[in-house]
Amino acid sequence: MNETLADDGLARWISGIRSQPADAPPLDVNKLRAARARPAGPSLPQVVDLATPGDSPVQLRFYRPSGQPLPLIVYVHGGAFIVGDLESHDRTCRRLAVEANASVLAVDYRRAPEHPAPAAIDDVVAVLRWALQPPSVLGPISGSPSLAGDSAGGLIALLAAQRLVAEGARLSGLLLVCPNADLTLSQPSVQQKGLGWGLDAEALAWSLRQWVPGLDAEQLESLSPLHVRFSGLPATVIATAEHDPLRDEGEALARRLIAAGTEVHHVPHGGLVHGFLSLDTESPAAFEAGNELLRLFGYVIRDGG
């Protein structure tokens with residue numbers, strides 16, 4: 001089995017991961033969520049924290065790279081359904097705004113275990129409904145909104161998009177980076193790459209038990225894109241990584257959406273790992289791959305918007 005990594009920076013990062021003893025589940029959620037310093041992302045002329053109106057507001061962060069009318073991308077962060085927030089993905093959202101030349105609206109959705117499924121999906125749907133107007137606070141927006149997400153955020157974004165499409169909403173595109181797509185964890189790459197590559201299969205299974213308490217088989221399938229019937233989705237970009245436990249389910253998702261009539265751009269990444277989009281400061285190869293992917297999505301949403 002090939003174990004070659006894309007560059008020395010990524011090799012050093014993986015070596016550091018493997019040198020540390022892995023915490024065995026159950027994991028300490030507070031420890032996982034502890035704030036930590038992260039390198040800053042690109043400077044933008046407008047970055048502001050917002051919230052949806054109403055009795056149950058969803059916290060948001062809005063990024064705008066210019067005052068011109070721009071497409072709007074709603075971003076759903078990853079974090080195994082239990083971690084991640086507006087700070088953890090701030091640099092990624094800034095890069096997305098710059099590379100895709102779009103406004104970005106990051107969603108601070110409710111997380112497990114305090115809020116199991118489908119709370120996160122409900123929050124993203126609420127934000128999309130609000131953004132479809134679009135509200136004047138977002139400034140000049142061109143075309144229909146799009147959705148982007150990484151890892152667990154990719155799954156949440158996809159299920160939220162399907163719900164909105166079923167209501168008749170028009171979206172301009174989807175970007176799914178190393179998405180969860182099969183919560184049954186039955187794809188071969190989960191075992192092949194589930195230890196020592198940055199995303200531990202045992203920890204992943206534990207996180208799913210937080211989001212879907214009891215791991216009810218029917219609910220797992222209803223939340224797994226490989227077991228859900230999709231129709232009417234916008235053009236979708238799916239990124240997979242060679243050394244990612246979720247690689248096979250991402251590839252299978254691409255095939256499934258193509259069979260359902262969706263325009264799919266599947267971008268495989270040799271030598272990269274799960275979460276490469278946020279490893280831009282560790283690996284030049286991850287940085288370049290991420291920038292190319294974000295630029296591609298900018299082209300896609302302009303064609304679809």
# chains A, B, ... in the order shown; residues from 1 in each chain; ligands from 1
$ closest_atom_pairs --of "segment 152-194 of chain A" --to "segment 275-278 of chain A" --cutoff "10 Å" --atoms "only C-alpha atoms" --output "CSV"
residue,atom,partner,partner_atom,distance
A:Val177,CA,A:Leu277,CA,7.9
A:Cys178,CA,A:Gly275,CA,7.0
A:Pro179,CA,A:Gly275,CA,9.7
$ residues_around --residues "segment 156-168 of chain A" --least-positions-apart "2" --cutoff "10 Å" --atoms "only C-alpha atoms" --output "PDB file with N, CA, C and O atoms, in the first residue's frame"
ATOM      1  N   VAL A  74     -22.066  29.882   1.879  1.00  0.00           N
ATOM      2  CA  VAL A  74     -22.322  29.553   3.282  1.00  0.00           C
ATOM      3  C   VAL A  74     -21.378  28.412   3.658  1.00  0.00           C
ATOM      4  O   VAL A  74     -21.407  27.347   3.036  1.00  0.00           O
ATOM      5  N   TYR A  75     -20.521  28.648   4.662  1.00  0.00           N
ATOM      6  CA  TYR A  75     -19.487  27.663   5.010  1.00  0.00           C
ATOM      7  C   TYR A  75     -19.835  26.932   6.297  1.00  0.00           C
ATOM      8  O   TYR A  75     -20.151  27.545   7.318  1.00  0.00           O
ATOM      9  N   VAL A  76     -19.726  25.588   6.230  1.00  0.00           N
ATOM     10  CA  VAL A  76     -20.054  24.715   7.354  1.00  0.00           C
ATOM     11  C   VAL A  76     -18.775  23.998   7.787  1.00  0.00           C
ATOM     12  O   VAL A  76     -18.264  23.136   7.065  1.00  0.00           O
ATOM     13  N   HIS A  77     -18.254  24.339   8.945  1.00  0.00           N
ATOM     14  CA  HIS A  77     -16.956  23.812   9.379  1.00  0.00           C
ATOM     15  C   HIS A  77     -17.029  22.336   9.759  1.00  0.00           C
ATOM     16  O   HIS A  77     -18.067  21.813  10.154  1.00  0.00           O
ATOM     17  N   GLY A  78     -15.862  21.684   9.654  1.00  0.00           N
ATOM     18  CA  GLY A  78     -15.739  20.321  10.129  1.00  0.00           C
ATOM     19  C   GLY A  78     -15.379  20.277  11.600  1.00  0.00           C
ATOM     20  O   GLY A  78     -15.278  21.300  12.271  1.00  0.00           O
ATOM     21  N   PHE A  81     -18.370  16.634  14.254  1.00  0.00           N
ATOM     22  CA  PHE A  81     -19.677  16.942  14.815  1.00  0.00           C
ATOM     23  C   PHE A  81     -19.614  17.490  16.235  1.00  0.00           C
ATOM     24  O   PHE A  81     -20.633  17.914  16.768  1.00  0.00           O
ATOM     25  N   TYR A 109     -22.792  26.373  14.025  1.00  0.00           N
ATOM     26  CA  TYR A 109     -23.949  25.512  14.295  1.00  0.00           C
ATOM     27  C   TYR A 109     -23.802  24.809  15.655  1.00  0.00           C
ATOM     28  O   TYR A 109     -22.721  24.697  16.230  1.00  0.00           O
ATOM     29  N   ALA A 117     -27.803  15.142  16.283  1.00  0.00           N
ATOM     30  CA  ALA A 117     -28.494  15.313  15.002  1.00  0.00           C
ATOM     31  C   ALA A 117     -30.001  15.300  15.227  1.00  0.00           C
ATOM     32  O   ALA A 117     -30.497  14.596  16.110  1.00  0.00           O
ATOM     33  N   PRO A 118     -30.743  16.130  14.464  1.00  0.00           N
ATOM     34  CA  PRO A 118     -30.294  16.925  13.309  1.00  0.00           C
ATOM     35  C   PRO A 118     -30.086  18.408  13.607  1.00  0.00           C
ATOM     36  O   PRO A 118     -30.272  19.237  12.722  1.00  0.00           O
ATOM     37  N   ALA A 119     -29.719  18.763  14.851  1.00  0.00           N
ATOM     38  CA  ALA A 119     -29.637  20.175  15.236  1.00  0.00           C
ATOM     39  C   ALA A 119     -28.722  20.968  14.311  1.00  0.00           C
ATOM     40  O   ALA A 119     -29.067  22.084  13.884  1.00  0.00           O
ATOM     41  N   ALA A 120     -27.547  20.424  13.973  1.00  0.00           N
ATOM     42  CA  ALA A 120     -26.608  21.149  13.108  1.00  0.00           C
ATOM     43  C   ALA A 120     -27.209  21.390  11.731  1.00  0.00           C
ATOM     44  O   ALA A 120     -27.058  22.478  11.157  1.00  0.00           O
ATOM     45  N   ILE A 121     -27.887  20.387  11.198  1.00  0.00           N
ATOM     46  CA  ILE A 121     -28.528  20.537   9.882  1.00  0.00           C
ATOM     47  C   ILE A 121     -29.612  21.597   9.955  1.00  0.00           C
ATOM     48  O   ILE A 121     -29.731  22.446   9.059  1.00  0.00           O
ATOM     49  N   ASP A 122     -30.400  21.574  11.015  1.00  0.00           N
ATOM     50  CA  ASP A 122     -31.467  22.576  11.186  1.00  0.00           C
ATOM     51  C   ASP A 122     -30.890  23.988  11.199  1.00  0.00           C
ATOM     52  O   ASP A 122     -31.457  24.916  10.602  1.00  0.00           O
ATOM     53  N   ASP A 123     -29.746  24.164  11.873  1.00  0.00           N
ATOM     54  CA  ASP A 123     -29.139  25.498  11.943  1.00  0.00           C
ATOM     55  C   ASP A 123     -28.676  25.970  10.572  1.00  0.00           C
ATOM     56  O   ASP A 123     -28.876  27.146  10.201  1.00  0.00           O
ATOM     57  N   VAL A 124     -28.043  25.086   9.800  1.00  0.00           N
ATOM     58  CA  VAL A 124     -27.569  25.483   8.478  1.00  0.00           C
ATOM     59  C   VAL A 124     -28.750  25.785   7.562  1.00  0.00           C
ATOM     60  O   VAL A 124     -28.710  26.748   6.776  1.00  0.00           O
ATOM     61  N   VAL A 125     -29.815  25.005   7.649  1.00  0.00           N
ATOM     62  CA  VAL A 125     -31.018  25.280   6.859  1.00  0.00           C
ATOM     63  C   VAL A 125     -31.586  26.651   7.221  1.00  0.00           C
ATOM     64  O   VAL A 125     -31.973  27.436   6.341  1.00  0.00           O
ATOM     65  N   ALA A 126     -31.614  26.970   8.509  1.00  0.00           N
ATOM     66  CA  ALA A 126     -32.138  28.275   8.941  1.00  0.00           C
ATOM     67  C   ALA A 126     -31.300  29.416   8.381  1.00  0.00           C
ATOM     68  O   ALA A 126     -31.838  30.443   7.932  1.00  0.00           O
ATOM     69  N   VAL A 127     -29.982  29.242   8.375  1.00  0.00           N
ATOM     70  CA  VAL A 127     -29.108  30.277   7.824  1.00  0.00           C
ATOM     71  C   VAL A 127     -29.338  30.431   6.328  1.00  0.00           C
ATOM     72  O   VAL A 127     -29.402  31.552   5.796  1.00  0.00           O
ATOM     73  N   LEU A 128     -29.476  29.332   5.621  1.00  0.00           N
ATOM     74  CA  LEU A 128     -29.708  29.396   4.180  1.00  0.00           C
ATOM     75  C   LEU A 128     -31.026  30.086   3.861  1.00  0.00           C
ATOM     76  O   LEU A 128     -31.102  30.904   2.932  1.00  0.00           O
ATOM     77  N   ARG A 129     -32.071  29.756   4.604  1.00  0.00           N
ATOM     78  CA  ARG A 129     -33.357  30.418   4.366  1.00  0.00           C
ATOM     79  C   ARG A 129     -33.233  31.919   4.549  1.00  0.00           C
ATOM     80  O   ARG A 129     -33.807  32.713   3.792  1.00  0.00           O
ATOM     81  N   SER A 146     -24.451  29.488  -2.340  1.00  0.00           N
ATOM     82  CA  SER A 146     -23.886  28.145  -2.443  1.00  0.00           C
ATOM     83  C   SER A 146     -23.485  27.684  -1.054  1.00  0.00           C
ATOM     84  O   SER A 146     -23.510  28.451  -0.086  1.00  0.00           O
ATOM     85  N   LEU A 147     -23.106  26.410  -0.961  1.00  0.00           N
ATOM     86  CA  LEU A 147     -22.732  25.818   0.313  1.00  0.00           C
ATOM     87  C   LEU A 147     -21.373  25.148   0.191  1.00  0.00           C
ATOM     88  O   LEU A 147     -21.078  24.523  -0.833  1.00  0.00           O
ATOM     89  N   ALA A 148     -20.571  25.243   1.240  1.00  0.00           N
ATOM     90  CA  ALA A 148     -19.289  24.552   1.282  1.00  0.00           C
ATOM     91  C   ALA A 148     -19.091  23.994   2.678  1.00  0.00           C
ATOM     92  O   ALA A 148     -19.557  24.579   3.663  1.00  0.00           O
ATOM     93  N   GLY A 149     -18.399  22.862   2.770  1.00  0.00           N
ATOM     94  CA  GLY A 149     -18.112  22.283   4.065  1.00  0.00           C
ATOM     95  C   GLY A 149     -17.003  21.260   3.972  1.00  0.00           C
ATOM     96  O   GLY A 149     -16.777  20.672   2.916  1.00  0.00           O
ATOM     97  N   ASP A 150     -16.305  21.075   5.085  1.00  0.00           N
ATOM     98  CA  ASP A 150     -15.238  20.079   5.128  1.00  0.00           C
ATOM     99  C   ASP A 150     -15.567  19.022   6.168  1.00  0.00           C
ATOM    100  O   ASP A 150     -16.152  19.315   7.210  1.00  0.00           O
ATOM    101  N   SER A 151     -15.220  17.778   5.876  1.00  0.00           N
ATOM    102  CA  SER A 151     -15.377  16.657   6.799  1.00  0.00           C
ATOM    103  C   SER A 151     -16.835  16.548   7.254  1.00  0.00           C
ATOM    104  O   SER A 151     -17.737  16.453   6.419  1.00  0.00           O
ATOM    105  N   ALA A 152     -17.094  16.583   8.566  1.00  0.00           N
ATOM    106  CA  ALA A 152     -18.471  16.527   9.044  1.00  0.00           C
ATOM    107  C   ALA A 152     -19.297  17.686   8.491  1.00  0.00           C
ATOM    108  O   ALA A 152     -20.489  17.540   8.214  1.00  0.00           O
ATOM    109  N   GLY A 153     -18.642  18.831   8.308  1.00  0.00           N
ATOM    110  CA  GLY A 153     -19.346  19.973   7.733  1.00  0.00           C
ATOM    111  C   GLY A 153     -19.801  19.726   6.316  1.00  0.00           C
ATOM    112  O   GLY A 153     -20.809  20.276   5.876  1.00  0.00           O
ATOM    113  N   GLY A 154     -19.061  18.888   5.571  1.00  0.00           N
ATOM    114  CA  GLY A 154     -19.487  18.535   4.229  1.00  0.00           C
ATOM    115  C   GLY A 154     -20.772  17.742   4.243  1.00  0.00           C
ATOM    116  O   GLY A 154     -21.684  17.977   3.441  1.00  0.00           O
ATOM    117  N   ARG A 170     -33.167  27.549  -4.905  1.00  0.00           N
ATOM    118  CA  ARG A 170     -32.134  27.392  -5.928  1.00  0.00           C
ATOM    119  C   ARG A 170     -30.783  27.717  -5.323  1.00  0.00           C
ATOM    120  O   ARG A 170     -30.594  28.781  -4.740  1.00  0.00           O
ATOM    121  N   LEU A 171     -29.842  26.788  -5.458  1.00  0.00           N
ATOM    122  CA  LEU A 171     -28.478  26.978  -4.983  1.00  0.00           C
ATOM    123  C   LEU A 171     -27.540  26.923  -6.178  1.00  0.00           C
ATOM    124  O   LEU A 171     -27.828  26.252  -7.171  1.00  0.00           O
ATOM    125  N   GLY A 173     -24.167  25.976  -6.043  1.00  0.00           N
ATOM    126  CA  GLY A 173     -23.113  24.972  -6.004  1.00  0.00           C
ATOM    127  C   GLY A 173     -22.894  24.417  -4.617  1.00  0.00           C
ATOM    128  O   GLY A 173     -23.377  24.958  -3.612  1.00  0.00           O
ATOM    129  N   LEU A 174     -22.145  23.306  -4.578  1.00  0.00           N
ATOM    130  CA  LEU A 174     -21.752  22.646  -3.331  1.00  0.00           C
ATOM    131  C   LEU A 174     -20.258  22.325  -3.400  1.00  0.00           C
ATOM    132  O   LEU A 174     -19.784  21.826  -4.424  1.00  0.00           O
ATOM    133  N   LEU A 175     -19.545  22.583  -2.327  1.00  0.00           N
ATOM    134  CA  LEU A 175     -18.152  22.166  -2.193  1.00  0.00           C
ATOM    135  C   LEU A 175     -18.050  21.267  -0.970  1.00  0.00           C
ATOM    136  O   LEU A 175     -18.346  21.697   0.151  1.00  0.00           O
ATOM    137  N   LEU A 176     -17.643  20.014  -1.182  1.00  0.00           N
ATOM    138  CA  LEU A 176     -17.538  19.031  -0.110  1.00  0.00           C
ATOM    139  C   LEU A 176     -16.085  18.549  -0.063  1.00  0.00           C
ATOM    140  O   LEU A 176     -15.629  17.860  -0.974  1.00  0.00           O
ATOM    141  N   PRO A 179     -15.542  14.786   2.695  1.00  0.00           N
ATOM    142  CA  PRO A 179     -16.774  14.714   3.479  1.00  0.00           C
ATOM    143  C   PRO A 179     -17.021  13.349   4.104  1.00  0.00           C
ATOM    144  O   PRO A 179     -16.666  12.308   3.544  1.00  0.00           O
ATOM    145  N   ASN A 180     -17.647  13.359   5.281  1.00  0.00           N
ATOM    146  CA  ASN A 180     -18.288  12.144   5.777  1.00  0.00           C
ATOM    147  C   ASN A 180     -19.450  11.833   4.840  1.00  0.00           C
ATOM    148  O   ASN A 180     -20.202  12.734   4.468  1.00  0.00           O
ATOM    149  N   ALA A 181     -19.599  10.586   4.452  1.00  0.00           N
ATOM    150  CA  ALA A 181     -20.700  10.229   3.562  1.00  0.00           C
ATOM    151  C   ALA A 181     -21.336   8.903   3.927  1.00  0.00           C
ATOM    152  O   ALA A 181     -22.385   8.569   3.401  1.00  0.00           O
ATOM    153  N   SER A 222     -30.273   7.325   7.433  1.00  0.00           N
ATOM    154  CA  SER A 222     -30.983   8.534   6.996  1.00  0.00           C
ATOM    155  C   SER A 222     -30.063   9.740   6.959  1.00  0.00           C
ATOM    156  O   SER A 222     -30.349  10.723   6.263  1.00  0.00           O
ATOM    157  N   LEU A 223     -28.947   9.675   7.698  1.00  0.00           N
ATOM    158  CA  LEU A 223     -27.987  10.784   7.742  1.00  0.00           C
ATOM    159  C   LEU A 223     -26.732  10.490   6.919  1.00  0.00           C
ATOM    160  O   LEU A 223     -25.784  11.277   6.956  1.00  0.00           O
ATOM    161  N   SER A 224     -26.713   9.375   6.212  1.00  0.00           N
ATOM    162  CA  SER A 224     -25.554   8.975   5.410  1.00  0.00           C
ATOM    163  C   SER A 224     -25.843   9.199   3.938  1.00  0.00           C
ATOM    164  O   SER A 224     -26.700   8.511   3.370  1.00  0.00           O
ATOM    165  N   PRO A 225     -25.146  10.134   3.291  1.00  0.00           N
ATOM    166  CA  PRO A 225     -25.417  10.403   1.878  1.00  0.00           C
ATOM    167  C   PRO A 225     -25.346   9.175   0.975  1.00  0.00           C
ATOM    168  O   PRO A 225     -26.044   9.123  -0.037  1.00  0.00           O
ATOM    169  N   VAL A 228     -28.893   7.774   1.017  1.00  0.00           N
ATOM    170  CA  VAL A 228     -29.991   8.731   0.825  1.00  0.00           C
ATOM    171  C   VAL A 228     -30.176   8.975  -0.663  1.00  0.00           C
ATOM    172  O   VAL A 228     -29.208   9.035  -1.421  1.00  0.00           O
ATOM    173  N   ARG A 229     -31.413   9.127  -1.081  1.00  0.00           N
ATOM    174  CA  ARG A 229     -31.700   9.434  -2.481  1.00  0.00           C
ATOM    175  C   ARG A 229     -31.657  10.951  -2.680  1.00  0.00           C
ATOM    176  O   ARG A 229     -32.361  11.703  -1.987  1.00  0.00           O
ATOM    177  N   PHE A 230     -30.830  11.404  -3.622  1.00  0.00           N
ATOM    178  CA  PHE A 230     -30.693  12.832  -3.903  1.00  0.00           C
ATOM    179  C   PHE A 230     -31.243  13.147  -5.283  1.00  0.00           C
ATOM    180  O   PHE A 230     -31.163  12.325  -6.207  1.00  0.00           O
ATOM    181  N   SER A 231     -31.770  14.358  -5.405  1.00  0.00           N
ATOM    182  CA  SER A 231     -32.202  14.833  -6.718  1.00  0.00           C
ATOM    183  C   SER A 231     -32.196  16.351  -6.712  1.00  0.00           C
ATOM    184  O   SER A 231     -32.403  16.988  -5.677  1.00  0.00           O
ATOM    185  N   GLY A 232     -31.910  16.932  -7.869  1.00  0.00           N
ATOM    186  CA  GLY A 232     -31.991  18.378  -8.017  1.00  0.00           C
ATOM    187  C   GLY A 232     -30.873  19.163  -7.387  1.00  0.00           C
ATOM    188  O   GLY A 232     -30.989  20.387  -7.243  1.00  0.00           O
ATOM    189  N   LEU A 233     -29.784  18.500  -7.017  1.00  0.00           N
ATOM    190  CA  LEU A 233     -28.678  19.236  -6.397  1.00  0.00           C
ATOM    191  C   LEU A 233     -27.953  20.090  -7.428  1.00  0.00           C
ATOM    192  O   LEU A 233     -27.892  19.748  -8.608  1.00  0.00           O
ATOM    193  N   PRO A 234     -27.330  21.188  -6.981  1.00  0.00           N
ATOM    194  CA  PRO A 234     -26.551  22.015  -7.901  1.00  0.00           C
ATOM    195  C   PRO A 234     -25.212  21.349  -8.217  1.00  0.00           C
ATOM    196  O   PRO A 234     -24.863  20.303  -7.640  1.00  0.00           O
ATOM    197  N   THR A 236     -21.625  20.159  -8.021  1.00  0.00           N
ATOM    198  CA  THR A 236     -20.964  19.798  -6.765  1.00  0.00           C
ATOM    199  C   THR A 236     -19.503  19.456  -7.001  1.00  0.00           C
ATOM    200  O   THR A 236     -19.177  18.659  -7.886  1.00  0.00           O
TER     201      THR A 236
END
$ atom_distance --atom1 "atom CA of Gln20 of chain A" --atom2 "atom CA of Ala241 of chain A"
22.7 Å
$ closest_residue --among "A:Ala6, A:Leu86, A:Leu50, A:Val237" --to "Ala35 of chain A" --atoms "only C-alpha atoms"
A:Leu86
$ closest_residue --among "A:Ile238, A:Leu5, A:Ala201, A:Leu138" --to "Arg255 of chain A" --atoms "only C-alpha atoms"
A:Ile238
$ residues_around --residues "Arg95 of chain A" --least-positions-apart "2" --cutoff "10 Å" --atoms "only C-alpha atoms" --output "MDAnalysis selection string"
chainID A and resid 41:44 65 89:93 97:101 104 277 290:291 294:295
$ write_last_selection --atoms "all heavy atoms" --output "short mmCIF file (atom, residue, chain, number, x, y, z; two decimals), in the first residue's frame"
data_model
loop_
_atom_site.label_atom_id
_atom_site.label_comp_id
_atom_site.auth_asym_id
_atom_site.auth_seq_id
_atom_site.Cartn_x
_atom_site.Cartn_y
_atom_site.Cartn_z
N GLY A 41 -5.12 34.26 8.78
CA GLY A 41 -5.38 34.13 7.36
C GLY A 41 -5.22 35.47 6.65
O GLY A 41 -4.81 36.46 7.26
N PRO A 42 -5.55 35.51 5.37
CA PRO A 42 -5.42 36.75 4.60
C PRO A 42 -6.26 37.88 5.19
O PRO A 42 -7.36 37.66 5.70
CB PRO A 42 -5.92 36.37 3.20
CG PRO A 42 -5.86 34.88 3.15
CD PRO A 42 -6.06 34.40 4.54
N SER A 43 -5.74 39.09 5.09
CA SER A 43 -6.48 40.26 5.54
C SER A 43 -7.60 40.58 4.54
O SER A 43 -7.40 40.48 3.33
CB SER A 43 -5.55 41.46 5.68
OG SER A 43 -6.27 42.61 6.07
N LEU A 44 -8.78 40.94 5.06
CA LEU A 44 -9.93 41.27 4.22
C LEU A 44 -10.50 42.62 4.66
O LEU A 44 -10.42 42.97 5.85
CB LEU A 44 -11.01 40.20 4.32
CG LEU A 44 -10.67 38.81 3.79
CD1 LEU A 44 -11.79 37.83 4.13
CD2 LEU A 44 -10.46 38.85 2.28
N PRO A 65 -14.47 40.15 0.44
CA PRO A 65 -13.18 40.60 -0.07
C PRO A 65 -13.22 41.91 -0.85
O PRO A 65 -12.17 42.49 -1.14
CB PRO A 65 -12.74 39.45 -0.97
CG PRO A 65 -14.02 38.85 -1.45
CD PRO A 65 -14.99 39.01 -0.32
N HIS A 89 -11.94 27.76 11.91
CA HIS A 89 -11.94 27.79 10.45
C HIS A 89 -11.89 29.21 9.88
O HIS A 89 -12.21 29.42 8.72
CB HIS A 89 -13.18 27.05 9.93
CG HIS A 89 -13.05 25.55 10.05
ND1 HIS A 89 -12.98 24.92 11.27
CD2 HIS A 89 -12.96 24.58 9.11
CE1 HIS A 89 -12.87 23.62 11.07
NE2 HIS A 89 -12.84 23.38 9.79
N ASP A 90 -11.46 30.16 10.72
CA ASP A 90 -11.39 31.54 10.26
C ASP A 90 -10.41 31.69 9.09
O ASP A 90 -10.72 32.34 8.09
CB ASP A 90 -10.96 32.44 11.42
CG ASP A 90 -10.85 33.91 11.02
OD1 ASP A 90 -11.90 34.56 10.87
OD2 ASP A 90 -9.72 34.39 10.81
N ARG A 91 -9.23 31.07 9.19
CA ARG A 91 -8.25 31.20 8.10
C ARG A 91 -8.77 30.55 6.82
O ARG A 91 -8.60 31.08 5.72
CB ARG A 91 -6.92 30.57 8.52
CG ARG A 91 -5.78 30.85 7.53
CD ARG A 91 -4.44 30.35 8.03
NE ARG A 91 -4.31 28.90 8.00
CZ ARG A 91 -4.33 28.11 9.08
NH1 ARG A 91 -4.47 28.65 10.29
NH2 ARG A 91 -4.21 26.81 8.97
N THR A 92 -9.41 29.40 6.95
CA THR A 92 -9.98 28.72 5.78
C THR A 92 -11.03 29.59 5.11
O THR A 92 -11.05 29.70 3.87
CB THR A 92 -10.59 27.38 6.20
OG1 THR A 92 -9.55 26.50 6.66
CG2 THR A 92 -11.31 26.72 5.04
N CYS A 93 -11.88 30.22 5.88
CA CYS A 93 -12.93 31.07 5.30
C CYS A 93 -12.33 32.31 4.63
O CYS A 93 -12.82 32.75 3.58
CB CYS A 93 -13.93 31.48 6.37
SG CYS A 93 -15.00 30.13 6.92
N ALA A 97 -12.74 33.17 0.66
CA ALA A 97 -13.21 34.46 0.15
C ALA A 97 -12.25 35.01 -0.90
O ALA A 97 -12.68 35.52 -1.95
CB ALA A 97 -13.37 35.45 1.31
N VAL A 98 -10.95 34.90 -0.65
CA VAL A 98 -9.96 35.43 -1.58
C VAL A 98 -9.87 34.60 -2.85
O VAL A 98 -9.94 35.12 -3.97
CB VAL A 98 -8.58 35.51 -0.88
CG1 VAL A 98 -7.49 35.83 -1.90
CG2 VAL A 98 -8.59 36.55 0.23
N GLU A 99 -9.72 33.29 -2.70
CA GLU A 99 -9.47 32.43 -3.86
C GLU A 99 -10.72 32.26 -4.73
O GLU A 99 -10.62 32.20 -5.96
CB GLU A 99 -8.96 31.05 -3.41
CG GLU A 99 -7.65 31.09 -2.65
CD GLU A 99 -6.52 31.69 -3.47
OE1 GLU A 99 -6.53 31.56 -4.71
OE2 GLU A 99 -5.62 32.31 -2.86
N ALA A 100 -11.89 32.17 -4.12
CA ALA A 100 -13.12 32.04 -4.89
C ALA A 100 -13.69 33.40 -5.30
O ALA A 100 -14.63 33.46 -6.08
CB ALA A 100 -14.18 31.28 -4.09
N ASN A 101 -13.10 34.49 -4.75
CA ASN A 101 -13.60 35.85 -4.98
C ASN A 101 -15.10 35.91 -4.69
O ASN A 101 -15.93 36.23 -5.54
CB ASN A 101 -13.33 36.31 -6.41
CG ASN A 101 -13.60 37.80 -6.59
OD1 ASN A 101 -13.52 38.57 -5.63
ND2 ASN A 101 -13.93 38.20 -7.81
N VAL A 104 -18.31 35.13 2.09
CA VAL A 104 -18.42 33.86 2.82
C VAL A 104 -19.14 34.11 4.13
O VAL A 104 -18.84 35.07 4.85
CB VAL A 104 -17.02 33.25 3.09
CG1 VAL A 104 -17.14 31.99 3.95
CG2 VAL A 104 -16.31 32.94 1.78
N LEU A 277 -7.11 20.88 3.85
CA LEU A 277 -7.45 22.28 3.60
C LEU A 277 -6.96 23.18 4.73
O LEU A 277 -6.59 24.34 4.49
CB LEU A 277 -8.97 22.41 3.44
CG LEU A 277 -9.51 23.74 2.93
CD1 LEU A 277 -8.94 24.09 1.56
CD2 LEU A 277 -11.04 23.70 2.86
N GLY A 290 -5.26 23.29 -1.78
CA GLY A 290 -6.42 24.01 -1.25
C GLY A 290 -6.77 25.22 -2.08
O GLY A 290 -7.94 25.46 -2.38
N ASN A 291 -5.77 26.01 -2.46
CA ASN A 291 -6.03 27.19 -3.27
C ASN A 291 -6.65 26.83 -4.61
O ASN A 291 -7.60 27.48 -5.07
CB ASN A 291 -4.74 27.98 -3.50
CG ASN A 291 -4.34 28.79 -2.28
OD1 ASN A 291 -5.06 28.83 -1.28
ND2 ASN A 291 -3.19 29.43 -2.35
N LEU A 294 -10.32 25.87 -4.03
CA LEU A 294 -11.19 27.01 -3.73
C LEU A 294 -11.41 27.87 -4.98
O LEU A 294 -12.52 28.38 -5.19
CB LEU A 294 -10.57 27.85 -2.60
CG LEU A 294 -10.33 27.10 -1.29
CD1 LEU A 294 -9.73 28.03 -0.25
CD2 LEU A 294 -11.60 26.45 -0.77
N ARG A 295 -10.39 28.00 -5.81
CA ARG A 295 -10.56 28.73 -7.07
C ARG A 295 -11.53 27.99 -8.00
O ARG A 295 -12.38 28.63 -8.64
CB ARG A 295 -9.21 28.95 -7.75
CG ARG A 295 -8.36 30.01 -7.11
CD ARG A 295 -7.20 30.42 -8.01
NE ARG A 295 -6.23 29.34 -8.17
CZ ARG A 295 -5.15 29.18 -7.41
NH1 ARG A 295 -4.92 30.02 -6.40
NH2 ARG A 295 -4.31 28.20 -7.64
#
$ atom_distance --atom1 "atom CA of Ala286 of chain A" --atom2 "atom CA of Arg18 of chain A"
19.0 Å
$ select_by_dssp --residues "segment 170-237 of chain A" --states "alpha helix (DSSP H)" --output "MDAnalysis selection string"
chainID A and resid 188:192 201:211 217:222
$ atom_distance --atom1 "atom CA of Trp211 of chain A" --atom2 "atom CA of Pro188 of chain A"
22.3 Å
$ residues_around --residues "Lys193 of chain A" --least-positions-apart "5" --cutoff "7 Å" --atoms "only C-alpha atoms" --output "mmCIF file with C-alpha atoms, in the first residue's frame"
data_model
loop_
_atom_site.group_PDB
_atom_site.id
_atom_site.type_symbol
_atom_site.label_atom_id
_atom_site.label_comp_id
_atom_site.auth_asym_id
_atom_site.auth_seq_id
_atom_site.Cartn_x
_atom_site.Cartn_y
_atom_site.Cartn_z
ATOM 1 C CA HIS A 243 -4.496 8.932 2.924
ATOM 2 C CA ASP A 244 -7.928 9.769 4.335
ATOM 3 C CA PRO A 245 -10.103 7.155 6.078
#
$ closest_residue --among "A:Gln187, A:Ser19, A:Ser144, A:Asn30" --to "Gly250 of chain A" --atoms "only C-alpha atoms"
A:Gln187
$ closest_residue --among "A:Ala169, A:Leu293, A:Ala131, A:Ala40" --to "Pro53 of chain A" --atoms "only C-alpha atoms"
A:Ala131
$ closest_residue --among "A:Thr4, A:Asp182, A:Ser283, A:Glu218" --to "Gly270 of chain A" --atoms "only C-alpha atoms"
A:Thr4
$ select_by_dssp --residues "segment 8-86 of chain A" --states "strand (DSSP E or B)" --output "list of chain:residue names"
A:Gln46, A:Val47, A:Val48, A:Asp49, A:Leu50, A:Ala51, A:Gln59, A:Leu60, A:Arg61, A:Phe62, A:Tyr63, A:Arg64, A:Leu70, A:Leu72, A:Ile73, A:Val74, A:Tyr75, A:Val76
$ residues_around --residues "Ser142 of chain A" --least-positions-apart "3" --cutoff "10 Å" --atoms "only C-alpha atoms" --output "list in words"
Gln68, Pro69, Leu70, Pro71, Leu72, Ala102, Ser103, Pro134, Gly139, Pro145, Arg302 and Gly305 of chain A
$ closest_residue --among "A:Leu253, A:Leu195, A:Leu132, A:Val83" --to "Asp28 of chain A" --atoms "only C-alpha atoms"
A:Val83
